[in-house]
>>> print(open('protein33.txt').read())   # compact mmCIF, C-alpha atoms
# COMPACT_ATOMS: atom_id res chain seq x y z
CA MET A 1 -44.94 11.06 -15.61
CA ARG A 2 -43.81 10.80 -19.25
CA LYS A 3 -44.73 14.46 -19.78
CA TYR A 4 -42.59 15.37 -16.75
CA TYR A 5 -39.59 13.55 -18.19
CA LEU A 6 -40.14 15.16 -21.58
CA MET A 7 -40.09 18.61 -19.95
CA LEU A 8 -36.84 17.65 -18.18
CA VAL A 9 -35.31 16.84 -21.57
CA VAL A 10 -36.44 20.23 -22.93
CA LEU A 11 -34.98 22.03 -19.89
CA PHE A 12 -31.76 20.03 -20.19
CA ILE A 13 -31.28 21.04 -23.82
CA TYR A 14 -32.04 24.71 -23.13
CA LEU A 15 -29.57 24.94 -20.25
CA ASN A 16 -26.85 23.19 -22.24
CA LEU A 17 -27.35 25.28 -25.38
CA ASN A 18 -27.30 28.46 -23.33
CA SER A 19 -24.00 27.58 -21.60
CA ILE A 20 -22.05 26.59 -24.73
CA ASP A 21 -19.46 28.97 -26.18
CA TRP A 22 -21.15 30.13 -29.39
CA ASN A 23 -18.26 32.35 -30.55
CA ILE A 24 -17.77 30.22 -33.65
CA SER A 25 -14.58 31.18 -35.48
CA GLY A 26 -11.52 29.61 -37.04
CA ALA A 27 -8.74 27.29 -35.94
CA GLY A 28 -4.99 27.12 -35.47
CA ALA A 29 -2.31 27.95 -32.90
CA ARG A 30 -0.94 30.75 -35.06
CA ALA A 31 -4.30 32.51 -35.22
CA ALA A 32 -4.88 31.88 -31.50
CA GLY A 33 -1.53 33.47 -30.69
CA MET A 34 -2.67 36.59 -32.54
CA GLY A 35 -5.89 36.82 -30.55
CA ASP A 36 -7.81 35.13 -33.41
CA ALA A 37 -7.38 38.32 -35.47
CA PHE A 38 -6.89 36.31 -38.65
CA ILE A 39 -9.56 37.27 -41.20
CA GLY A 40 -7.18 39.78 -42.79
CA VAL A 41 -4.20 37.39 -42.56
CA ALA A 42 -5.56 33.93 -43.54
CA ASP A 43 -2.41 32.79 -45.35
CA ASP A 44 -2.24 29.13 -44.33
CA ALA A 45 -4.48 26.05 -44.55
CA THR A 46 -6.67 27.26 -41.66
CA ALA A 47 -7.90 30.02 -44.00
CA ILE A 48 -10.82 27.75 -44.92
CA THR A 49 -12.21 28.50 -41.44
CA TRP A 50 -11.22 32.19 -41.21
CA ASN A 51 -11.54 33.49 -44.75
CA PRO A 52 -11.65 31.06 -47.71
CA GLY A 53 -10.50 33.89 -49.99
CA GLY A 54 -7.11 33.79 -48.30
CA LEU A 55 -6.40 30.27 -49.58
CA THR A 56 -4.90 31.73 -52.76
CA GLN A 57 -1.88 32.79 -50.69
CA LEU A 58 -0.80 29.12 -50.57
CA TYR A 59 1.75 28.15 -53.21
CA ARG A 60 2.42 24.56 -52.18
CA PRO A 61 0.27 21.77 -50.73
CA GLU A 62 -0.27 21.80 -46.96
CA VAL A 63 -1.52 19.25 -44.45
CA SER A 64 -2.28 20.49 -40.94
CA LEU A 65 -3.40 19.16 -37.56
CA VAL A 66 -4.51 21.21 -34.53
CA THR A 67 -5.04 19.91 -30.99
CA ARG A 68 -6.16 21.67 -27.82
CA PHE A 69 -6.00 21.19 -24.08
CA ILE A 70 -8.68 23.12 -22.19
CA ALA A 71 -8.72 23.64 -18.41
CA GLU A 72 -11.58 25.54 -16.76
CA ASN A 73 -12.10 26.91 -13.27
CA TYR A 74 -15.43 28.17 -11.94
CA LYS A 75 -15.54 30.21 -8.73
CA TYR A 76 -18.88 30.91 -7.05
CA GLU A 77 -18.99 33.74 -4.50
CA SER A 78 -21.90 34.93 -2.36
CA SER A 79 -22.59 37.43 0.38
CA ILE A 80 -24.59 34.80 2.30
CA TYR A 81 -23.19 31.42 1.16
CA ASP A 82 -19.73 29.83 1.22
CA THR A 83 -17.35 30.29 -1.70
CA ASP A 84 -17.18 27.27 -4.00
CA VAL A 85 -14.49 26.42 -6.56
CA ASP A 86 -14.76 23.76 -9.27
CA ASN A 87 -12.46 22.52 -12.05
CA GLN A 88 -12.54 20.47 -15.22
CA SER A 89 -10.13 19.79 -18.11
CA HIS A 90 -10.00 17.80 -21.34
CA PHE A 91 -8.15 17.30 -24.64
CA ILE A 92 -9.61 17.55 -28.16
CA VAL A 93 -8.57 17.26 -31.78
CA ASN A 94 -9.75 20.66 -32.95
CA PHE A 95 -8.90 20.80 -36.66
CA ALA A 96 -7.36 18.88 -39.56
CA SER A 97 -7.04 19.93 -43.20
CA VAL A 98 -5.43 19.46 -46.56
CA ALA A 99 -5.05 22.25 -49.12
CA TYR A 100 -3.79 21.94 -52.70
CA PRO A 101 -2.95 24.93 -54.93
CA VAL A 102 -2.95 24.69 -58.73
CA MET A 103 -2.26 27.18 -61.50
CA ASN A 104 0.58 28.70 -59.43
CA GLY A 105 -1.80 29.46 -56.59
CA ARG A 106 -4.49 31.16 -58.67
CA LEU A 107 -6.83 28.30 -57.72
CA VAL A 108 -6.74 26.40 -54.42
CA VAL A 109 -8.95 23.56 -53.20
CA ALA A 110 -9.13 22.43 -49.58
CA MET A 111 -10.89 20.01 -47.28
CA ALA A 112 -11.03 20.19 -43.48
CA TYR A 113 -12.55 18.96 -40.23
CA GLN A 114 -13.25 21.25 -37.28
CA LYS A 115 -14.85 20.85 -33.86
CA GLN A 116 -17.23 23.79 -33.68
CA LEU A 117 -19.20 23.31 -30.43
CA ASP A 118 -17.58 21.55 -27.49
CA TRP A 119 -20.15 19.93 -25.16
CA TYR A 120 -17.66 18.49 -22.67
CA SER A 121 -18.69 18.58 -19.01
CA GLY A 122 -16.72 16.90 -16.25
CA TRP A 123 -16.73 19.17 -13.20
CA GLU A 124 -14.91 17.61 -10.25
CA SER A 125 -17.68 18.41 -7.74
CA ASP A 126 -20.47 16.83 -9.78
CA GLU A 127 -20.18 13.05 -9.75
CA ASN A 128 -23.75 12.72 -11.04
CA GLU A 129 -23.11 14.28 -14.44
CA ASN A 130 -20.57 14.03 -17.23
CA ALA A 131 -20.64 14.67 -20.97
CA ASP A 132 -18.37 14.54 -23.99
CA GLY A 133 -18.47 15.19 -27.72
CA GLY A 134 -20.06 18.06 -29.61
CA ALA A 135 -20.88 19.46 -33.04
CA ASN A 136 -18.30 19.12 -35.82
CA THR A 137 -18.10 20.24 -39.43
CA LEU A 138 -16.66 18.73 -42.57
CA MET A 139 -15.65 21.48 -44.99
CA ALA A 140 -14.88 21.56 -48.70
CA GLY A 141 -13.58 24.85 -50.07
CA VAL A 142 -12.24 26.50 -53.18
CA ALA A 143 -10.62 29.89 -53.76
CA VAL A 144 -9.71 31.76 -56.92
CA ARG A 145 -7.60 34.84 -57.54
CA ILE A 146 -9.86 37.06 -59.65
CA ILE A 147 -7.28 39.78 -60.24
CA PRO A 148 -3.81 40.13 -58.71
CA VAL A 149 -5.10 42.06 -55.68
CA LEU A 150 -8.45 40.33 -55.12
CA SER A 151 -9.33 36.73 -54.27
CA ALA A 152 -12.66 35.09 -53.44
CA GLY A 153 -13.38 31.83 -51.71
CA LEU A 154 -16.30 29.58 -50.83
CA SER A 155 -16.69 26.66 -48.45
CA THR A 156 -19.55 24.26 -47.79
CA ASN A 157 -19.89 23.13 -44.18
CA ILE A 158 -21.66 19.90 -43.25
CA TRP A 159 -22.56 19.86 -39.55
CA MET A 160 -22.54 16.52 -37.78
CA GLY A 161 -21.25 14.81 -34.67
CA SER A 162 -22.76 13.70 -31.38
CA SER A 163 -22.55 14.21 -27.65
CA PHE A 164 -23.10 11.61 -24.93
CA LYS A 165 -24.21 12.67 -21.46
CA GLU A 166 -24.79 10.61 -18.32
CA THR A 167 -26.85 12.05 -15.45
CA TYR A 168 -28.13 10.62 -12.19
CA ASP A 169 -31.51 11.99 -11.07
CA SER A 170 -31.36 11.77 -7.26
CA ILE A 171 -35.04 12.77 -6.87
CA TYR A 172 -36.33 9.78 -8.85
CA ASP A 173 -33.30 7.55 -8.29
CA ASP A 174 -32.93 7.26 -12.05
CA ASP A 175 -29.89 6.99 -14.30
CA VAL A 176 -30.27 8.90 -17.56
CA GLU A 177 -28.15 8.49 -20.68
CA ARG A 178 -28.64 11.04 -23.43
CA THR A 179 -27.25 10.75 -26.95
CA ILE A 180 -27.41 14.05 -28.81
CA LYS A 181 -26.89 14.16 -32.57
CA PHE A 182 -26.25 17.30 -34.60
CA SER A 183 -27.07 18.01 -38.24
CA GLY A 184 -27.05 21.02 -40.54
CA LEU A 185 -25.59 22.64 -43.63
CA ASN A 186 -24.30 26.14 -44.28
CA MET A 187 -21.81 27.98 -46.44
CA ALA A 188 -19.05 30.52 -45.89
CA PHE A 189 -17.89 33.21 -48.32
CA GLY A 190 -14.64 35.12 -48.09
CA LEU A 191 -12.85 37.98 -49.86
CA MET A 192 -9.19 38.97 -49.59
CA LEU A 193 -7.84 42.27 -50.89
CA ASP A 194 -4.03 42.18 -50.93
CA LEU A 195 -2.52 45.55 -51.81
CA TYR A 196 0.97 44.04 -51.76
CA ASN A 197 0.22 42.69 -55.24
CA LEU A 198 -0.11 46.20 -56.70
CA PRO A 199 2.57 47.40 -59.15
CA ASN A 200 3.72 49.63 -56.28
CA PRO A 201 3.22 47.26 -53.34
CA ILE A 202 1.50 48.42 -50.16
CA PRO A 203 1.93 45.93 -47.26
CA LEU A 204 -1.76 46.03 -46.34
CA LYS A 205 -4.52 43.43 -46.57
CA PHE A 206 -8.28 43.54 -45.98
CA GLY A 207 -10.51 40.51 -45.52
CA MET A 208 -14.22 39.81 -45.23
CA MET A 209 -15.94 36.61 -44.11
CA MET A 210 -19.65 35.69 -44.07
CA ARG A 211 -21.25 32.53 -42.70
CA THR A 212 -24.80 31.91 -43.90
CA PRO A 213 -27.66 31.31 -41.42
CA PHE A 214 -29.04 27.77 -41.12
CA ASP A 215 -31.02 25.41 -38.91
CA LEU A 216 -28.88 23.32 -36.58
CA GLY A 217 -30.74 20.12 -35.73
CA VAL A 218 -30.24 18.82 -32.18
CA GLU A 219 -31.78 15.34 -31.84
CA VAL A 220 -31.94 13.74 -28.40
CA ASP A 221 -32.42 10.10 -27.40
CA ALA A 222 -32.85 9.84 -23.62
CA ASP A 223 -32.63 6.40 -21.99
CA TYR A 224 -34.03 6.09 -18.46
CA SER A 225 -33.52 3.21 -16.03
CA TYR A 226 -37.11 3.08 -14.82
CA GLU A 227 -39.09 5.11 -17.32
CA PRO A 228 -39.86 4.79 -21.04
CA ASP A 229 -37.17 6.16 -23.35
CA ILE A 230 -37.78 9.54 -24.98
CA SER A 231 -36.71 10.88 -28.38
CA TYR A 232 -36.89 14.61 -28.98
CA LYS A 233 -35.63 17.08 -31.57
CA ASN A 234 -34.83 20.79 -31.33
CA THR A 235 -33.87 23.27 -34.00
CA VAL A 236 -31.44 26.07 -33.23
CA LYS A 237 -31.84 29.00 -35.58
CA MET A 238 -28.20 29.79 -36.31
CA PRO A 239 -27.74 33.41 -37.40
CA ILE A 240 -25.73 35.10 -40.11
CA MET A 241 -22.14 35.86 -39.08
CA ILE A 242 -20.07 38.59 -40.74
CA GLY A 243 -16.48 39.43 -39.96
CA PHE A 244 -14.06 42.08 -41.20
CA GLY A 245 -10.31 42.06 -40.77
CA SER A 246 -7.15 43.85 -41.79
CA SER A 247 -3.43 43.35 -41.39
CA ILE A 248 -0.41 45.52 -42.03
CA ARG A 249 3.19 44.42 -42.31
CA LEU A 250 5.11 47.26 -40.69
CA THR A 251 8.47 45.65 -41.46
CA ASP A 252 9.63 42.41 -43.06
CA TYR A 253 9.35 40.83 -39.62
CA LEU A 254 6.40 42.54 -37.88
CA ASN A 255 2.73 42.07 -38.73
CA ILE A 256 -0.25 43.70 -36.93
CA SER A 257 -3.85 42.53 -37.39
CA ALA A 258 -7.36 43.43 -36.24
CA ASP A 259 -10.80 41.79 -36.67
CA TYR A 260 -14.37 42.70 -35.84
CA GLU A 261 -17.03 40.01 -36.13
CA ILE A 262 -20.80 40.20 -35.77
CA ARG A 263 -22.72 37.05 -34.85
CA ALA A 264 -26.43 37.92 -34.87
CA TYR A 265 -27.56 35.68 -32.01
CA GLY A 266 -29.80 38.38 -30.51
CA LYS A 267 -32.92 37.05 -32.25
CA SER A 268 -31.87 33.40 -32.47
CA LYS A 269 -34.45 30.89 -31.25
CA ILE A 270 -34.52 27.32 -30.03
CA GLU A 271 -37.58 25.67 -31.58
CA TYR A 272 -38.91 22.55 -29.86
CA GLU A 273 -40.73 19.61 -31.39
CA LEU A 274 -43.78 20.41 -29.24
CA GLY A 275 -44.16 23.77 -30.98
CA ASP A 276 -42.64 25.87 -28.23
CA GLU A 277 -39.66 28.17 -28.66
CA ALA A 278 -37.22 30.10 -26.48
CA ASN A 279 -34.58 32.76 -27.00
CA LEU A 280 -31.09 31.35 -27.29
CA SER A 281 -29.61 34.53 -25.80
CA GLU A 282 -30.71 35.74 -22.35
CA SER A 283 -29.87 39.36 -23.15
CA GLU A 284 -31.08 39.16 -26.77
CA LYS A 285 -27.83 40.84 -27.80
CA ASP A 286 -25.50 39.78 -30.60
CA LEU A 287 -22.10 38.25 -29.97
CA ASN A 288 -20.00 41.06 -31.43
CA GLN A 289 -16.28 40.47 -30.94
CA LEU A 290 -13.14 42.59 -31.28
CA ARG A 291 -9.81 40.82 -31.84
CA LEU A 292 -6.27 42.25 -32.02
CA GLY A 293 -2.95 40.53 -32.69
CA ALA A 294 0.72 40.92 -33.57
CA GLU A 295 3.41 38.59 -34.91
CA TYR A 296 7.18 39.20 -34.94
CA LEU A 297 9.56 36.86 -36.77
CA ILE A 298 13.07 36.07 -35.57
CA VAL A 299 15.07 34.65 -38.49
CA SER A 300 18.01 32.39 -37.64
CA ASP A 301 20.09 29.79 -39.48
CA PHE A 302 18.26 27.08 -37.54
CA ALA A 303 14.64 28.13 -38.11
CA VAL A 304 12.25 31.06 -38.17
CA ILE A 305 10.94 31.68 -34.65
CA PRO A 306 7.66 33.63 -34.42
CA LEU A 307 6.60 35.57 -31.33
CA ARG A 308 2.89 36.34 -31.08
CA VAL A 309 0.54 38.21 -28.75
CA GLY A 310 -3.20 38.73 -28.90
CA PHE A 311 -6.28 40.15 -27.22
CA LYS A 312 -9.99 39.60 -27.76
CA THR A 313 -13.32 40.34 -26.16
CA ILE A 314 -15.50 37.33 -25.30
CA PRO A 315 -19.22 38.06 -25.55
CA THR A 316 -21.60 35.42 -24.16
CA LEU A 317 -25.26 34.49 -24.33
CA ILE A 318 -25.41 34.91 -20.55
CA SER A 319 -26.80 37.98 -18.75
CA ASN A 320 -26.30 39.36 -15.29
CA GLY A 321 -29.43 39.14 -13.14
CA LYS A 322 -30.67 42.26 -11.38
CA GLY A 323 -33.89 42.59 -9.41
CA PRO A 324 -35.99 40.89 -6.75
CA SER A 325 -35.61 37.10 -6.63
CA GLY A 326 -37.94 35.46 -9.12
CA ASN A 327 -38.33 38.69 -11.11
CA TRP A 328 -34.93 39.06 -12.72
CA ASP A 329 -34.11 41.65 -15.35
CA PHE A 330 -31.84 39.85 -17.85
CA THR A 331 -30.57 42.65 -20.09
CA ASP A 332 -26.92 43.15 -19.08
CA GLN A 333 -24.83 40.96 -21.37
CA VAL A 334 -21.87 39.21 -19.77
CA THR A 335 -18.65 39.87 -21.71
CA GLY A 336 -15.16 38.69 -20.84
CA THR A 337 -11.64 39.09 -22.22
CA GLY A 338 -8.89 36.82 -23.48
CA PHE A 339 -5.13 37.27 -23.73
CA SER A 340 -2.76 34.99 -25.63
CA VAL A 341 0.94 34.46 -26.32
CA GLY A 342 2.46 32.07 -28.81
CA THR A 343 5.61 30.95 -30.52
CA GLY A 344 6.86 28.16 -32.77
CA LEU A 345 9.47 26.82 -35.13
CA ILE A 346 9.16 27.19 -38.90
CA PHE A 347 11.32 25.00 -41.15
CA GLU A 348 11.34 24.34 -44.87
CA LYS A 349 8.97 21.35 -44.70
CA ILE A 350 7.23 21.71 -41.36
CA ALA A 351 5.93 24.39 -39.00
CA ILE A 352 5.11 23.80 -35.34
CA ASP A 353 3.18 26.47 -33.45
CA ALA A 354 2.06 26.60 -29.82
CA THR A 355 -0.15 29.11 -28.02
CA GLY A 356 -1.39 29.61 -24.48
CA GLU A 357 -4.52 31.66 -23.87
CA ILE A 358 -6.10 32.85 -20.62
CA SER A 359 -9.70 34.06 -20.73
CA SER A 360 -12.42 34.79 -18.21
CA TYR A 361 -15.84 36.31 -17.66
CA LYS A 362 -17.91 37.07 -14.57
CA GLU A 363 -21.70 36.83 -14.15
CA GLU A 364 -23.51 38.49 -11.25
CA TRP A 365 -26.93 38.18 -9.61
CA ILE A 366 -27.97 41.20 -7.55
CA ASP A 367 -31.13 41.38 -5.43
CA TRP A 368 -32.43 44.93 -5.13
CA PRO A 369 -33.25 46.87 -3.05
CA ASP A 370 -31.63 44.37 -0.66
CA TYR A 371 -28.02 44.48 -1.93
CA ASP A 372 -26.86 42.21 0.91
CA GLU A 373 -27.83 39.17 -1.15
CA ASN A 374 -25.37 39.28 -4.02
CA GLU A 375 -23.88 36.34 -5.88
CA SER A 376 -21.35 35.98 -8.69
CA GLY A 377 -19.71 33.27 -10.74
CA THR A 378 -16.35 33.65 -12.51
CA LEU A 379 -15.35 31.24 -15.26
CA SER A 380 -11.61 31.22 -16.00
CA LYS A 381 -10.21 29.17 -18.85
CA PHE A 382 -6.72 28.21 -19.96
CA THR A 383 -6.38 26.88 -23.51
CA ALA A 384 -3.18 25.41 -24.94
CA THR A 385 -3.24 25.02 -28.74
CA LEU A 386 -0.68 23.07 -30.75
CA SER A 387 -0.55 23.12 -34.56
CA THR A 388 1.60 21.14 -36.95
CA VAL A 389 1.73 21.99 -40.65
CA PHE A 390 3.48 19.88 -43.29
CA TYR A 391 4.50 21.45 -46.60
CA PHE A 392 4.97 19.48 -49.84
>>> encode(input="protein33.txt", output="structure tokens")
Amino acid sequence: MRKYYLMLVVLFIYLNLNSIDWNISGAGARAAGMGDAFIGVADDATAITWNPGGLTQLYRPEVSLVTRFIAENYKYESSIYDTDVDNQSHFIVNFASVAYPVMNGRLVVAMAYQKQLDWYSGWESDENENADGGANTLMAGVAVRIIPVLSAGLSTNIWMGSSFKETYDSIYDDDVERTIKFSGLNMAFGLMLDLYNLPNPIPLKFGMMMRTPFDLGVEVDADYSYEPDISYKNTVKMPIMIGFGSSIRLTDYLNISADYEIRAYGKSKIEYELGDEANLSESEKDLNQLRLGAEYLIVSDFAVIPLRVGFKTIPTLISNGKGPSGNWDFTDQVTGTGFSVGTGLIFEKIAIDATGEISSYKEEWIDWPDYDENESGTLSKFTATLSTVFYF
């Protein structure tokens, strides 16, 4: 019986890891409003998450706080079963930072907190399961302007945090409480090439960001009502992540940006304490993402009012299933899209930014040659991001 429960814990971890959004990137309502195309912009305190090299664009100390409200809707459709719709929503503190420039901005140091992996689960239709928490990072970064047009930055990221999940096993009439703890360490390197600092300025910037691979520890303590408790540890082989970005200021008030990021999850593994391992990605494809954004500034006597729009692709670890039941061919990666709009108010000592983003993806399961038995699931998400930045 203990072996059975241990295998349930392994299955639980695999299913949860596979369903998490692994598109790890930066923070901030301003970046979100520009479709997260911020590697080649990175000119505020959130640069420590997007491109540490961009921190040298800060000329006064900044303190920032970012919160998010996330509402999700999942719609299941089938050619033989009834349509089912489910919802969940929650609020998180996503990011907080302090950045301090010295030497007239030639050197900048920063510290930050960011929620990286959100493990919340609270679907309305499932009273037997709920979860909260996730993996967070504490970051310490430094950036230096090497020459007027080139800056480099480095951050160290300490992974920590925990998730708590309650589940009722109706088969064995057993309540299960799982505490999941995360641990790990990696680094991020960034470069920023700003051609506006040339003797003959060109309003064009290029950025590069690299996150080093590392082992993310996922330690589980499972408490059962009627069975012995189980402790178990996985290791997720987190891949290298490389992003490239650019931005061009077409006028004093209009900025256009674009990013492309490669997250090499295709060969990532989950390694179990028992010596087993499994692919993290069903399709064994990388999470390569394109992001586009624009920002237009309206300058008034009251405040500067930004207007932002953005678009991005949303690759997932999930694959569509095609083939006879029980013999699925998981090769077709599920990819969605996201659209965002944002605005704010920028004053001398404070900036407030808000963004709304709508994103979705659809997964399908097709039985061939009998195409009458088709199923699909569509996940739609609305994310509201609010950022507040204080300048000193």
>>> residues_around(input="protein33.txt", residues="Thr335 in chain A", least_positions_apart="2", cutoff="8 Å", atoms="only C-alpha atoms", output="JSON, numbers by chain")
{"A": [313, 314, 315, 316, 333, 337, 361, 362]}
>>> atom_distance(input="protein33.txt", atom1="CA of Val144 in chain A", atom2="CA of Gly54 in chain A")
9.2 Å
>>> closest_residue(input="protein33.txt", among="A:Asn374, A:Ser225, A:Thr212, A:Ser257", to="Arg291 in chain A", atoms="all atoms listed in the file")
A:Ser257
>>> residues_near_point(input="protein33.txt", point="(-15.9, 23.6, -48.6)", cutoff="6 Å", atoms="all atoms listed in the file", output="ChimeraX atom specification")
/A:139-141,155-157
>>> atom_distance(input="protein33.txt", atom1="CA of Asn320 in chain A", atom2="CA of Glu364 in chain A")
5.0 Å
>>> residues_around(input="protein33.txt", residues="range 75-89 of chain A", least_positions_apart="6", cutoff="7 Å", atoms="all atoms listed in the file", output="PyMOL selection string")
chain A and resi 122-125+372-379
>>> atom_distance(input="protein33.txt", atom1="CA of Val341 in chain A", atom2="CA of Met192 in chain A")
25.8 Å
